[in-house]
>>> print(open('upload-v3.cif').read())   # mmCIF, C-alpha atoms
data_query
loop_
_atom_site.label_atom_id
_atom_site.label_comp_id
_atom_site.auth_asym_id
_atom_site.auth_seq_id
_atom_site.Cartn_x
_atom_site.Cartn_y
_atom_site.Cartn_z
CA MET A 153 14.72 -6.47 33.43
CA GLN A 154 13.77 -3.53 35.62
CA ALA A 155 11.16 -2.57 38.21
CA PRO A 156 7.90 -4.38 38.93
CA ARG A 157 7.69 -8.14 38.81
CA PRO A 158 5.66 -9.44 35.91
CA SER A 159 2.19 -10.78 36.55
CA LEU A 160 -0.83 -11.79 34.53
CA ILE A 161 -4.18 -11.95 36.29
CA ALA A 162 -7.55 -12.91 34.84
CA GLU A 163 -10.63 -12.33 36.94
CA ASN A 164 -14.00 -13.84 36.24
CA LEU A 165 -13.29 -13.81 32.51
CA ALA A 166 -15.98 -14.63 29.96
CA CYS A 167 -15.56 -14.57 26.19
CA ARG A 168 -17.91 -14.91 23.29
CA ARG A 169 -17.28 -15.71 19.69
CA GLY A 170 -20.15 -14.48 17.57
CA GLU A 171 -23.28 -15.42 19.49
CA ARG A 172 -21.71 -18.32 21.34
CA LEU A 173 -20.41 -18.06 24.88
CA LEU A 174 -17.13 -19.97 24.89
CA PHE A 175 -16.22 -19.90 28.59
CA ARG A 176 -17.08 -17.95 31.72
CA ARG A 177 -15.96 -17.51 35.33
CA LEU A 178 -12.37 -18.13 34.35
CA SER A 179 -9.93 -16.75 36.91
CA PHE A 180 -6.23 -17.32 37.39
CA ARG A 181 -3.20 -15.56 38.65
CA LEU A 182 0.28 -16.03 37.15
CA GLU A 183 3.27 -14.52 38.94
CA ALA A 184 6.93 -14.44 37.96
CA GLY A 185 8.19 -17.92 37.20
CA ALA A 186 4.77 -19.43 36.58
CA ALA A 187 3.79 -21.53 33.60
CA CYS A 188 0.28 -22.52 32.70
CA HIS A 189 -0.93 -25.03 30.15
CA VAL A 190 -4.39 -24.48 28.68
CA THR A 191 -5.88 -27.52 27.01
CA GLY A 192 -9.05 -27.87 25.04
CA ALA A 193 -10.50 -29.18 21.81
CA ASN A 194 -10.40 -27.17 18.60
CA GLY A 195 -12.88 -24.31 18.81
CA ALA A 196 -13.13 -24.49 22.60
CA GLY A 197 -11.81 -20.96 22.91
CA LYS A 198 -8.05 -21.28 23.48
CA THR A 199 -7.15 -18.76 20.80
CA THR A 200 -9.91 -16.39 21.93
CA LEU A 201 -8.58 -16.61 25.49
CA ILE A 202 -5.05 -15.85 24.35
CA ARG A 203 -6.11 -12.90 22.20
CA THR A 204 -8.17 -11.54 25.07
CA LEU A 205 -5.26 -11.89 27.49
CA ALA A 206 -3.08 -10.09 24.96
CA GLY A 207 -5.55 -7.21 24.97
CA LEU A 208 -6.35 -7.60 21.27
CA THR A 209 -10.02 -8.32 21.88
CA THR A 210 -12.22 -7.15 24.72
CA PRO A 211 -13.69 -9.79 27.03
CA TYR A 212 -17.46 -10.17 27.27
CA ALA A 213 -17.12 -9.94 31.04
CA GLY A 214 -14.32 -9.85 33.59
CA THR A 215 -10.94 -8.17 33.56
CA VAL A 216 -7.37 -8.91 32.60
CA THR A 217 -4.61 -7.20 34.56
CA ARG A 218 -1.01 -7.49 33.64
CA GLU A 219 2.30 -6.09 34.68
CA GLY A 220 5.14 -6.27 32.18
CA ALA A 221 5.46 -6.45 28.41
CA LEU A 222 3.81 -9.26 26.56
CA GLY A 223 4.77 -11.33 23.56
CA LEU A 224 2.36 -13.35 21.47
CA LEU A 225 3.11 -16.35 19.29
CA ASP A 226 0.26 -17.62 17.15
CA GLU A 227 -0.22 -18.95 13.65
CA ARG A 228 -0.06 -15.39 12.28
CA THR A 229 3.60 -14.59 12.39
CA GLY A 230 3.61 -10.97 11.23
CA LEU A 231 6.51 -11.82 8.90
CA ASP A 232 6.22 -10.45 5.36
CA PRO A 233 5.66 -13.44 3.07
CA ASP A 234 7.44 -11.83 0.11
CA LEU A 235 10.66 -10.99 1.92
CA PRO A 236 13.56 -13.33 2.61
CA LEU A 237 13.40 -14.53 6.21
CA GLY A 238 16.47 -12.51 7.20
CA GLN A 239 14.87 -9.23 6.10
CA ALA A 240 11.46 -10.11 7.54
CA LEU A 241 13.03 -10.82 10.92
CA GLY A 242 15.28 -7.80 10.50
CA PHE A 243 12.27 -5.51 10.41
CA TRP A 244 11.08 -6.71 13.83
CA GLU A 245 14.64 -6.53 15.18
CA ARG A 246 14.72 -2.84 14.24
CA ILE A 247 11.28 -2.28 15.76
CA ASP A 248 12.34 -3.99 18.98
CA GLY A 249 15.79 -2.46 19.02
CA CYS A 250 17.32 -5.92 19.21
CA THR A 251 21.06 -5.76 18.59
CA SER A 252 22.07 -9.41 18.92
CA PRO A 253 19.62 -11.59 17.00
CA ASP A 254 22.27 -14.25 16.38
CA GLY A 255 21.57 -16.19 19.56
CA ALA A 256 17.95 -16.91 18.72
CA LEU A 257 18.85 -17.84 15.13
CA THR A 258 21.44 -20.32 16.32
CA ILE A 259 19.22 -21.94 18.94
CA LEU A 260 16.40 -22.42 16.44
CA GLY A 261 18.67 -23.40 13.54
CA LEU A 262 17.49 -20.64 11.22
CA HIS A 263 20.80 -19.49 9.74
CA ALA A 264 20.43 -21.69 6.66
CA LEU A 265 16.98 -20.25 5.93
CA LEU A 266 17.76 -16.53 6.02
CA ASP A 267 17.71 -16.14 2.22
CA VAL A 268 14.49 -18.08 1.72
CA PRO A 269 11.32 -15.99 1.17
CA VAL A 270 8.94 -16.47 4.08
CA ARG A 271 6.16 -17.81 1.85
CA PHE A 272 8.32 -20.81 0.91
CA LEU A 273 8.91 -21.83 4.52
CA SER A 274 7.12 -24.84 5.94
CA THR A 275 4.72 -24.52 8.88
CA GLY A 276 7.36 -25.67 11.31
CA GLN A 277 10.00 -23.34 9.88
CA LYS A 278 7.61 -20.39 10.14
CA LYS A 279 6.88 -21.29 13.73
CA ARG A 280 10.59 -21.37 14.49
CA ALA A 281 11.01 -17.97 12.83
CA ALA A 282 8.17 -16.53 14.92
CA LEU A 283 9.80 -17.98 18.04
CA ALA A 284 13.05 -16.25 17.11
CA ALA A 285 11.18 -12.94 16.83
CA LEU A 286 9.67 -13.59 20.27
CA LEU A 287 13.06 -14.41 21.81
CA ASN A 288 14.54 -11.22 20.34
CA ARG A 289 11.99 -9.15 22.20
CA ALA A 290 13.08 -10.31 25.67
CA VAL A 291 9.62 -9.76 27.19
CA PRO A 292 8.63 -11.27 30.56
CA ILE A 293 5.19 -12.60 29.55
CA TRP A 294 4.79 -15.17 26.79
CA LEU A 295 1.44 -16.14 25.34
CA LEU A 296 1.93 -19.14 23.09
CA ASP A 297 -0.90 -20.40 20.91
CA GLU A 298 -0.16 -23.94 19.72
CA PRO A 299 3.62 -23.47 19.82
CA LEU A 300 4.27 -27.15 19.11
CA SER A 301 2.01 -27.81 16.14
CA GLY A 302 3.89 -28.60 12.96
CA LEU A 303 7.21 -29.13 14.74
CA ASP A 304 9.38 -32.25 14.61
CA ALA A 305 10.40 -34.09 17.77
CA GLU A 306 13.78 -32.43 17.99
CA THR A 307 12.33 -28.92 17.74
CA ILE A 308 9.59 -29.75 20.24
CA GLY A 309 12.37 -30.58 22.68
CA LYS A 310 14.10 -27.28 21.93
CA VAL A 311 10.91 -25.25 22.35
CA THR A 312 10.11 -27.00 25.63
CA GLY A 313 13.63 -26.18 26.74
CA LEU A 314 13.14 -22.52 25.81
CA ILE A 315 9.91 -22.37 27.80
CA ARG A 316 11.63 -23.94 30.84
CA LEU A 317 14.47 -21.46 30.53
CA HIS A 318 12.06 -18.54 30.24
CA VAL A 319 10.01 -19.60 33.26
CA GLY A 320 13.13 -20.48 35.22
CA GLY A 321 14.43 -16.97 34.58
CA GLY A 322 11.40 -15.40 36.24
CA GLY A 323 9.22 -15.12 33.13
CA ILE A 324 5.58 -16.07 32.73
CA ALA A 325 4.35 -18.45 30.06
CA LEU A 326 0.79 -19.34 29.19
CA ILE A 327 0.64 -22.06 26.59
CA ALA A 328 -2.46 -23.15 24.74
CA SER A 329 -1.84 -26.53 23.19
CA HIS A 330 -3.48 -29.90 22.88
CA GLN A 331 -0.09 -31.55 22.93
CA PRO A 332 1.51 -32.60 26.22
CA LEU A 333 4.20 -30.31 27.48
CA ASP A 334 6.94 -31.20 29.93
CA VAL A 335 7.65 -28.14 32.05
CA PRO A 336 8.27 -28.65 35.78
CA GLY A 337 5.84 -26.95 38.13
CA MET A 338 3.44 -26.06 35.36
CA LYS A 339 -0.21 -25.51 36.20
CA SER A 340 -2.78 -26.82 33.81
CA PHE A 341 -6.48 -26.41 33.15
CA ALA A 342 -8.92 -27.45 30.48
CA ILE A 343 -10.92 -24.65 28.98
CA GLU A 344 -13.94 -26.93 28.65
CA ASP A 345 -14.24 -26.88 32.45
CA PHE A 346 -15.35 -23.29 32.14
CA ALA A 347 -17.72 -23.82 29.23
CA PRO A 348 -21.31 -22.92 30.06
CA ALA A 349 -23.73 -25.80 30.59
CA ALA A 350 -26.17 -26.25 27.73
CA ARG A 351 -29.07 -25.03 29.88
CA GLU A 352 -27.15 -21.94 30.91
CA GLU A 353 -26.29 -21.04 27.35
CA GLU A 354 -29.90 -20.75 26.32
CA THR A 355 -30.66 -18.05 28.85
CA MET B 92 9.80 2.59 15.54
CA ILE B 93 7.79 4.92 13.30
CA ALA B 94 10.72 5.36 10.89
CA ALA B 95 11.26 1.61 10.58
CA LEU B 96 7.54 1.11 9.99
CA LEU B 97 7.38 3.81 7.31
CA LYS B 98 10.37 2.30 5.55
CA ARG B 99 8.74 -1.11 5.55
CA ASP B 100 5.37 0.23 4.38
CA LEU B 101 7.03 2.17 1.57
CA ALA B 102 8.95 -0.88 0.42
CA GLN B 103 5.63 -2.73 0.29
CA PHE B 104 3.75 -0.16 -1.75
CA PHE B 105 6.21 1.93 -3.69
CA PRO B 106 6.20 1.43 -7.44
CA PHE B 107 9.02 -0.69 -8.86
CA THR B 108 10.15 -1.97 -5.45
CA GLY B 109 6.86 -3.31 -4.11
CA SER B 110 5.04 -6.21 -5.68
CA GLY B 111 3.70 -4.89 -8.97
CA ALA B 112 2.74 -1.54 -7.48
CA ALA B 113 3.65 0.44 -10.61
CA LEU B 114 0.17 -0.40 -11.87
CA PRO B 115 -1.58 2.85 -10.82
CA VAL B 116 0.89 5.03 -12.74
CA VAL B 117 0.84 2.81 -15.81
CA PHE B 118 -2.95 2.88 -15.69
CA PHE B 119 -2.96 6.66 -15.40
CA VAL B 120 -0.68 7.19 -18.40
CA ALA B 121 -2.54 4.55 -20.42
CA VAL B 122 -5.83 6.44 -19.99
CA ALA B 123 -4.18 9.68 -21.10
CA MET B 124 -2.69 7.92 -24.12
CA LEU B 125 -5.87 6.17 -25.19
CA PHE B 126 -8.27 9.07 -24.74
CA PRO B 127 -7.09 11.05 -27.83
CA PHE B 128 -7.52 7.93 -29.94
CA ALA B 129 -11.07 7.52 -28.69
CA VAL B 130 -12.30 11.10 -29.22
CA GLY B 131 -10.09 12.11 -32.12
CA PRO B 132 -7.12 14.47 -32.35
CA ASP B 133 -9.07 17.77 -32.24
CA ALA B 134 -6.90 19.94 -29.98
CA ASN B 135 -9.82 22.03 -28.76
CA VAL B 136 -11.92 19.08 -27.66
CA LEU B 137 -8.92 17.48 -26.00
CA ALA B 138 -7.98 20.61 -24.09
CA ARG B 139 -11.56 21.11 -22.91
CA THR B 140 -12.21 17.53 -21.75
CA GLY B 141 -8.68 16.36 -20.99
CA GLY B 142 -8.53 17.79 -17.47
CA GLY B 143 -11.60 15.87 -16.40
CA VAL B 144 -10.17 12.68 -17.86
CA VAL B 145 -6.93 13.15 -15.94
CA TRP B 146 -8.92 13.58 -12.72
CA ILE B 147 -10.97 10.45 -13.31
CA ALA B 148 -7.82 8.51 -14.16
CA ALA B 149 -6.21 9.78 -10.93
CA LEU B 150 -9.25 8.73 -8.91
CA LEU B 151 -9.32 5.24 -10.40
CA ALA B 152 -5.55 4.87 -10.02
CA ALA B 153 -5.99 5.58 -6.31
CA ILE B 154 -8.43 2.65 -6.01
CA LEU B 155 -6.12 0.09 -7.59
CA PRO B 156 -3.86 -0.65 -4.60
CA LEU B 157 -6.69 -0.65 -2.04
CA GLU B 158 -7.14 -4.40 -1.90
CA LYS B 159 -3.79 -5.09 -0.32
CA LEU B 160 -3.49 -1.82 1.57
CA VAL B 161 -4.82 -3.13 4.89
CA ALA B 162 -6.39 -6.57 4.53
CA ARG B 163 -3.11 -8.36 3.87
CA ASP B 164 -1.46 -7.12 7.04
CA ILE B 165 -4.51 -7.96 9.13
CA ALA B 166 -4.37 -11.54 7.86
CA LEU B 167 -0.64 -11.56 8.56
CA GLY B 168 -1.11 -10.54 12.20
CA PHE B 169 1.15 -7.59 11.44
CA PHE B 170 -1.00 -4.99 13.20
CA ASP B 171 -1.50 -7.33 16.18
CA GLN B 172 2.24 -7.65 16.68
CA LEU B 173 2.68 -3.87 16.48
CA ARG B 174 -0.15 -3.38 18.97
CA LEU B 175 1.60 -5.70 21.44
CA ARG B 176 4.63 -3.46 21.14
CA GLY B 177 2.55 -0.55 22.35
CA LEU B 178 1.91 1.22 19.04
CA ALA B 179 -1.60 2.66 18.65
CA GLU B 180 -3.67 1.63 15.64
CA GLU B 181 -4.07 5.32 14.80
CA ALA B 182 -0.29 5.69 14.50
CA MET B 183 -0.05 2.60 12.30
CA MET B 184 -2.74 4.00 10.04
CA ALA B 185 -1.17 7.46 9.90
CA VAL B 186 2.07 5.85 8.72
CA ARG B 187 0.15 3.71 6.27
CA LEU B 188 -1.63 6.81 4.92
CA LEU B 189 1.66 8.57 4.32
CA ALA B 190 3.14 5.49 2.64
CA HIS B 191 0.04 5.04 0.48
CA TRP B 192 0.10 8.66 -0.68
CA LEU B 193 3.85 8.59 -1.34
CA SER B 194 3.42 5.44 -3.38
CA PHE B 195 0.92 6.90 -5.84
CA GLY B 196 0.73 10.69 -5.32
CA PRO B 197 4.19 11.90 -6.41
CA PRO B 198 4.47 9.32 -9.24
CA LEU B 199 1.07 10.48 -10.47
CA LEU B 200 2.13 14.12 -10.35
CA LEU B 201 5.20 13.24 -12.43
CA ALA B 202 3.05 11.29 -14.85
CA THR B 203 0.84 14.35 -15.24
CA PHE B 204 3.56 15.99 -17.34
CA PRO B 205 3.41 13.45 -20.21
CA ALA B 206 -0.34 13.00 -19.73
CA ALA B 207 -0.95 16.74 -20.06
CA ALA B 208 1.20 16.87 -23.18
CA LEU B 209 -0.82 14.04 -24.74
CA LEU B 210 -4.10 15.80 -23.94
CA LYS B 211 -2.98 19.26 -25.03
CA ILE B 212 -3.40 20.78 -21.58
CA GLU B 213 -1.08 23.78 -21.57
CA GLY B 214 -0.28 27.04 -19.85
CA GLU B 215 -2.32 28.03 -16.83
CA SER B 216 -4.63 25.03 -17.17
CA PHE B 217 -1.69 22.73 -16.69
CA TRP B 218 -0.63 24.41 -13.47
CA ILE B 219 -4.17 24.38 -12.11
CA LEU B 220 -4.36 20.68 -12.93
CA LEU B 221 -1.03 19.96 -11.25
CA LEU B 222 -1.83 22.01 -8.14
CA GLY B 223 -5.28 20.44 -7.98
CA LEU B 224 -3.81 16.94 -8.07
CA LEU B 225 -1.25 17.93 -5.47
CA ALA B 226 -4.06 19.14 -3.21
CA GLY B 227 -6.48 16.34 -4.03
CA THR B 228 -4.41 13.15 -4.00
CA PRO B 229 -3.84 13.17 -0.21
CA GLY B 230 -7.62 13.29 0.19
CA LEU B 231 -8.03 10.41 -2.25
CA ALA B 232 -5.39 8.45 -0.32
CA ALA B 233 -7.24 9.13 2.95
CA ILE B 234 -10.59 7.98 1.54
CA GLY B 235 -8.87 4.91 0.12
CA LEU B 236 -7.28 4.02 3.45
CA MET B 237 -10.53 4.39 5.39
CA ILE B 238 -12.41 2.24 2.93
CA ALA B 239 -9.65 -0.37 2.76
CA ALA B 240 -9.67 -0.65 6.56
CA LEU B 241 -13.46 -0.77 6.79
CA THR B 242 -13.83 -3.48 4.17
CA ALA B 243 -10.74 -5.48 5.16
CA SER B 244 -12.67 -8.14 7.05
CA LEU B 245 -15.39 -8.52 4.43
CA ARG B 246 -15.22 -11.24 1.86
CA ALA B 247 -16.32 -9.07 -1.07
CA GLY B 248 -14.24 -6.18 0.23
CA ALA B 249 -12.41 -5.38 -3.00
CA ALA B 250 -15.55 -4.92 -5.09
CA LEU B 251 -17.27 -2.98 -2.33
CA SER B 252 -14.39 -0.59 -1.82
CA GLY B 253 -14.59 0.59 -5.42
CA LEU B 254 -18.28 1.34 -5.02
CA LEU B 255 -17.80 3.11 -1.69
CA LEU B 256 -15.01 5.31 -2.92
CA ILE B 257 -16.97 6.86 -5.78
CA PRO B 258 -19.50 8.95 -3.79
CA LEU B 259 -16.91 9.91 -1.17
CA ALA B 260 -14.48 11.13 -3.83
CA LEU B 261 -17.10 13.26 -5.61
CA PRO B 262 -16.41 16.54 -3.73
CA ILE B 263 -12.72 16.37 -4.57
CA LEU B 264 -13.52 15.55 -8.18
CA ILE B 265 -16.12 18.32 -8.53
CA PHE B 266 -13.89 21.05 -7.14
CA GLY B 267 -10.70 19.70 -8.70
CA ALA B 268 -12.06 19.30 -12.22
CA GLY B 269 -14.25 22.39 -11.73
CA ALA B 270 -11.17 24.51 -11.08
CA LEU B 271 -10.00 23.56 -14.57
CA ALA B 272 -13.25 24.43 -16.28
CA ARG B 273 -13.54 27.80 -14.57
CA GLN B 274 -9.81 28.51 -14.40
CA ASP B 275 -10.11 29.67 -10.81
CA GLN B 276 -8.04 29.09 -7.73
CA VAL B 277 -10.84 29.27 -5.16
CA SER B 278 -11.90 25.74 -6.06
CA LEU B 279 -8.33 24.59 -5.48
CA GLY B 280 -8.62 25.96 -1.95
CA PHE B 281 -11.72 23.83 -1.45
CA VAL B 282 -9.91 20.74 -2.74
CA GLY B 283 -7.11 21.40 -0.28
CA ALA B 284 -9.54 21.94 2.60
CA ILE B 285 -11.46 18.72 1.88
CA SER B 286 -8.17 16.85 1.61
CA LEU B 287 -6.91 18.20 4.93
CA ALA B 288 -10.11 17.25 6.72
CA LEU B 289 -9.98 13.73 5.26
CA VAL B 290 -6.30 13.28 6.10
CA ALA B 291 -6.96 14.36 9.69
CA LEU B 292 -9.89 11.98 10.01
CA ALA B 293 -8.54 8.92 8.21
CA PRO B 294 -6.08 7.53 10.81
CA PHE B 295 -8.78 7.54 13.49
CA ALA B 296 -11.47 6.00 11.32
CA ALA B 297 -9.10 3.38 9.90
CA GLY B 298 -7.61 2.64 13.33
CA ALA B 299 -11.07 2.05 14.79
CA ALA B 300 -11.89 -0.14 11.81
CA ILE B 301 -8.93 -2.49 12.29
CA ARG B 302 -9.66 -2.71 16.01
CA ALA B 303 -13.24 -3.66 15.19
CA ALA B 304 -12.02 -6.22 12.64
CA ARG B 305 -10.28 -8.13 15.45
CA GLU B 306 -13.56 -8.70 17.24
CA ASN B 307 -15.01 -11.04 14.65
#
>>> encode(input="upload-v3.cif", output="structure tokens")
Amino acid sequence: MQAPRPSLIAENLACRRGERLLFRRLSFRLEAGAACHVTGANGAGKTTLIRTLAGLTTPYAGTVTREGALGLLDERTGLDPDLPLGQALGFWERIDGCTSPDGALTILGLHALLDVPVRFLSTGQKKRAALAALLNRAVPIWLLDEPLSGLDAETIGKVTGLIRLHVGGGGIALIASHQPLDVPGMKSFAIEDFAPAAREEET
Amino acid sequence: MIAALLKRDLAQFFPFTGSGAALPVVFFVAVAMLFPFAVGPDANVLARTGGGVVWIAALLAAILPLEKLVARDIALGFFDQLRLRGLAEEAMMAVRLLAHWLSFGPPLLLATFPAAALLKIEGESFWILLLGLLAGTPGLAAIGLMIAALTASLRAGAALSGLLLIPLALPILIFGAGALARQDQVSLGFVGAISLALVALAPFAAGAAIRAAREN
């Protein structure tokens, strides 16, 4: 890619969901080639953090600064449920101007599923399809929300490999998952460490 | 990007290609067919009341696709993914407005020909009706889009959107149907003006609404 090196910086971030403060004073700095694993129980705020980093929701306090385009993978794939997978992916390929989608399809073993309507796909198959759409975009920053849930052991290996490759190629990956992830040099933090103490929350 | 998005939106909503989207037109023609049976075949009565019936049918036909107009794509994460690609919500909604109007406006105008024949609306009245619908349906589409976006994150959104649309659509209905009763073209100008204002406003209101929907 061109020009400035990708970076993703959170400073003193705090997020609420409804009336509840999920986490506060969360700061980190991810430069090219960095991977970060966010752990936490269900409802701890992993998804909220990811959506805030993506710029989809505004943080309660703090700032997010990023350099470089960003791709998001979460349980909402953006693929039309009524269309066959090939056409649903084709729409995003046209939007992204992707001319060679074959590579991603081969890596993720999706060729056999191209004629199947998206609504008939299993959770794991949908996740693979969403990953293919992410790969087709060739963006430097990946935000992955539970990328491994619903996947079989073989695909987990493949996805881990893709993350390693992405980070190794100078990309940034932030992964929210409660499953262990084997990526060399990956930072890790638990979102609960930034949860407000009970006493603090009342004020 | 915009062209690809419009193509996709049209495929979703256009009658006969989208999922059961022919409903508004069928509904519209059904009302025109049933009305003479309900009030009797007196040509004078039909000609006098028929225009109003066509307008009401057009208004209700515009409500029918509202439920899936915005809410479905929010749940799908479709707008989120477009946002990440740098497209503004306002642009998404402007495209959606165009697709929504194209999906029911022109088919409705075509259906006006058989509907007018069934209701004995002829001569100048027919042209005023057709021009009125041409001027008014974009406004109805704009109101529909705003309401669909505003109610997308509510659980009872579908029922609420019908209720909300009625008062907002009144000005268009009054001037549109009024133009028929008085046989004047000034009212048609008003319909067009209201429509233009609504069309200009709708992408911004709907865009703000889907941004707000992300926050809860």
>>> resolve_selection(input="upload-v3.cif", expression="the PyMOL selection byres ((chain A and resi 269) around 7)", output="ChimeraX atom specification")
/A:233-237,267-268,270-272
>>> atom_distance(input="upload-v3.cif", atom1="atom CA of B:Thr140", atom2="atom CA of B:Gly235")
25.5 Å
>>> interface_residues(input="upload-v3.cif", of="chain A", to="chain B", cutoff="12 Å", atoms="only C-alpha atoms", output="ChimeraX atom specification")
/A:167-172,200,203-212,220-235,239-250,270-271,282,285-286,289-291,293-295
>>> resolve_selection(input="upload-v3.cif", expression="the PyMOL selection byres ((chain A and resi 162) around 9)", output="ChimeraX atom specification")
/A:160-161,163-165,178-182,205,214-218
>>> write_last_selection(input="upload-v3.cif", atoms="C-alpha atoms", output="short mmCIF file (atom, residue, chain, number, x, y, z; two decimals), keeping the file's coordinate frame")
data_model
loop_
_atom_site.label_atom_id
_atom_site.label_comp_id
_atom_site.auth_asym_id
_atom_site.auth_seq_id
_atom_site.Cartn_x
_atom_site.Cartn_y
_atom_site.Cartn_z
CA LEU A 160 -0.83 -11.79 34.53
CA ILE A 161 -4.18 -11.95 36.29
CA GLU A 163 -10.63 -12.33 36.94
CA ASN A 164 -14.00 -13.84 36.24
CA LEU A 165 -13.29 -13.81 32.51
CA LEU A 178 -12.37 -18.13 34.35
CA SER A 179 -9.93 -16.75 36.91
CA PHE A 180 -6.23 -17.32 37.39
CA ARG A 181 -3.20 -15.56 38.65
CA LEU A 182 0.28 -16.03 37.15
CA LEU A 205 -5.26 -11.89 27.49
CA GLY A 214 -14.32 -9.85 33.59
CA THR A 215 -10.94 -8.17 33.56
CA VAL A 216 -7.37 -8.91 32.60
CA THR A 217 -4.61 -7.20 34.56
CA ARG A 218 -1.01 -7.49 33.64
#
>>> closest_residue(input="upload-v3.cif", among="A:Ala281, A:Ala166, A:Leu257, A:Leu314", to="A:Ile343", atoms="all atoms listed in the file")
A:Ala166
>>> residues_around(input="upload-v3.cif", residues="A:Gly320", least_positions_apart="3", cutoff="6 Å", atoms="all atoms listed in the file", output="list in words")
Gly185, Arg316 and Leu317 of chain A
>>> resolve_selection(input="upload-v3.cif", expression="the PyMOL selection byres ((chain B and resi 267-273) around 7)", output="PDB file with C-alpha atoms, keeping the file's coordinate frame")
ATOM      1  CA  GLY B 142      -8.530  17.790 -17.470  1.00  0.00           C
ATOM      2  CA  GLY B 143     -11.600  15.870 -16.400  1.00  0.00           C
ATOM      3  CA  TRP B 146      -8.920  13.580 -12.720  1.00  0.00           C
ATOM      4  CA  SER B 216      -4.630  25.030 -17.170  1.00  0.00           C
ATOM      5  CA  ILE B 219      -4.170  24.380 -12.110  1.00  0.00           C
ATOM      6  CA  LEU B 220      -4.360  20.680 -12.930  1.00  0.00           C
ATOM      7  CA  GLY B 223      -5.280  20.440  -7.980  1.00  0.00           C
ATOM      8  CA  ILE B 263     -12.720  16.370  -4.570  1.00  0.00           C
ATOM      9  CA  LEU B 264     -13.520  15.550  -8.180  1.00  0.00           C
ATOM     10  CA  ILE B 265     -16.120  18.320  -8.530  1.00  0.00           C
ATOM     11  CA  PHE B 266     -13.890  21.050  -7.140  1.00  0.00           C
ATOM     12  CA  GLN B 274      -9.810  28.510 -14.400  1.00  0.00           C
ATOM     13  CA  ASP B 275     -10.110  29.670 -10.810  1.00  0.00           C
ATOM     14  CA  GLN B 276      -8.040  29.090  -7.730  1.00  0.00           C
ATOM     15  CA  SER B 278     -11.900  25.740  -6.060  1.00  0.00           C
ATOM     16  CA  LEU B 279      -8.330  24.590  -5.480  1.00  0.00           C
ATOM     17  CA  VAL B 282      -9.910  20.740  -2.740  1.00  0.00           C
TER      18      VAL B 282
END
>>> atom_distance(input="upload-v3.cif", atom1="atom CA of B:Ala293", atom2="atom CA of B:Met237")
5.7 Å
>>> atom_distance(input="upload-v3.cif", atom1="atom CA of A:Thr191", atom2="atom CA of A:Glu344")
8.2 Å
>>> residues_around(input="upload-v3.cif", residues="stretch 181-183 of chain B", least_positions_apart="4", cutoff="8 Å", atoms="only C-alpha atoms", output="count of residues only")
7
>>> closest_residue(input="upload-v3.cif", among="B:Leu224, B:Ala260, B:Leu160, B:Ile212", to="B:Thr242", atoms="all atoms listed in the file")
B:Leu160
>>> decode(input="upload-v3.cif", residues="stretch 337-347 of chain A", atoms="N, CA and C atoms", output="short mmCIF file (atom, residue, chain, number, x, y, z; two decimals), in the first residue's frame")
data_model
loop_
_atom_site.label_atom_id
_atom_site.label_comp_id
_atom_site.auth_asym_id
_atom_site.auth_seq_id
_atom_site.Cartn_x
_atom_site.Cartn_y
_atom_site.Cartn_z
N GLY A 337 4.22 -12.66 19.08
CA GLY A 337 4.42 -11.24 19.36
C GLY A 337 3.14 -10.48 19.65
N MET A 338 2.06 -11.22 19.87
CA MET A 338 0.78 -10.54 20.08
C MET A 338 0.65 -10.02 21.50
N LYS A 339 0.21 -8.76 21.61
CA LYS A 339 -0.11 -8.21 22.93
C LYS A 339 -1.47 -8.74 23.34
N SER A 340 -1.78 -8.59 24.59
CA SER A 340 -3.05 -9.10 25.07
C SER A 340 -3.49 -8.32 26.31
N PHE A 341 -4.77 -8.00 26.39
CA PHE A 341 -5.27 -7.44 27.64
C PHE A 341 -6.71 -7.88 27.86
N ALA A 342 -7.09 -7.92 29.12
CA ALA A 342 -8.46 -8.27 29.46
C ALA A 342 -9.24 -7.00 29.69
N ILE A 343 -10.41 -6.94 29.08
CA ILE A 343 -11.18 -5.70 29.16
C ILE A 343 -11.71 -5.46 30.58
N GLU A 344 -11.84 -6.56 31.34
CA GLU A 344 -12.29 -6.41 32.73
C GLU A 344 -11.33 -5.58 33.56
N ASP A 345 -10.03 -5.57 33.18
CA ASP A 345 -9.05 -4.79 33.94
C ASP A 345 -9.37 -3.30 33.90
N PHE A 346 -10.17 -2.91 32.93
CA PHE A 346 -10.49 -1.50 32.81
C PHE A 346 -11.93 -1.20 33.24
N ALA A 347 -12.59 -2.23 33.76
CA ALA A 347 -13.97 -2.02 34.24
C ALA A 347 -13.93 -1.16 35.49
#
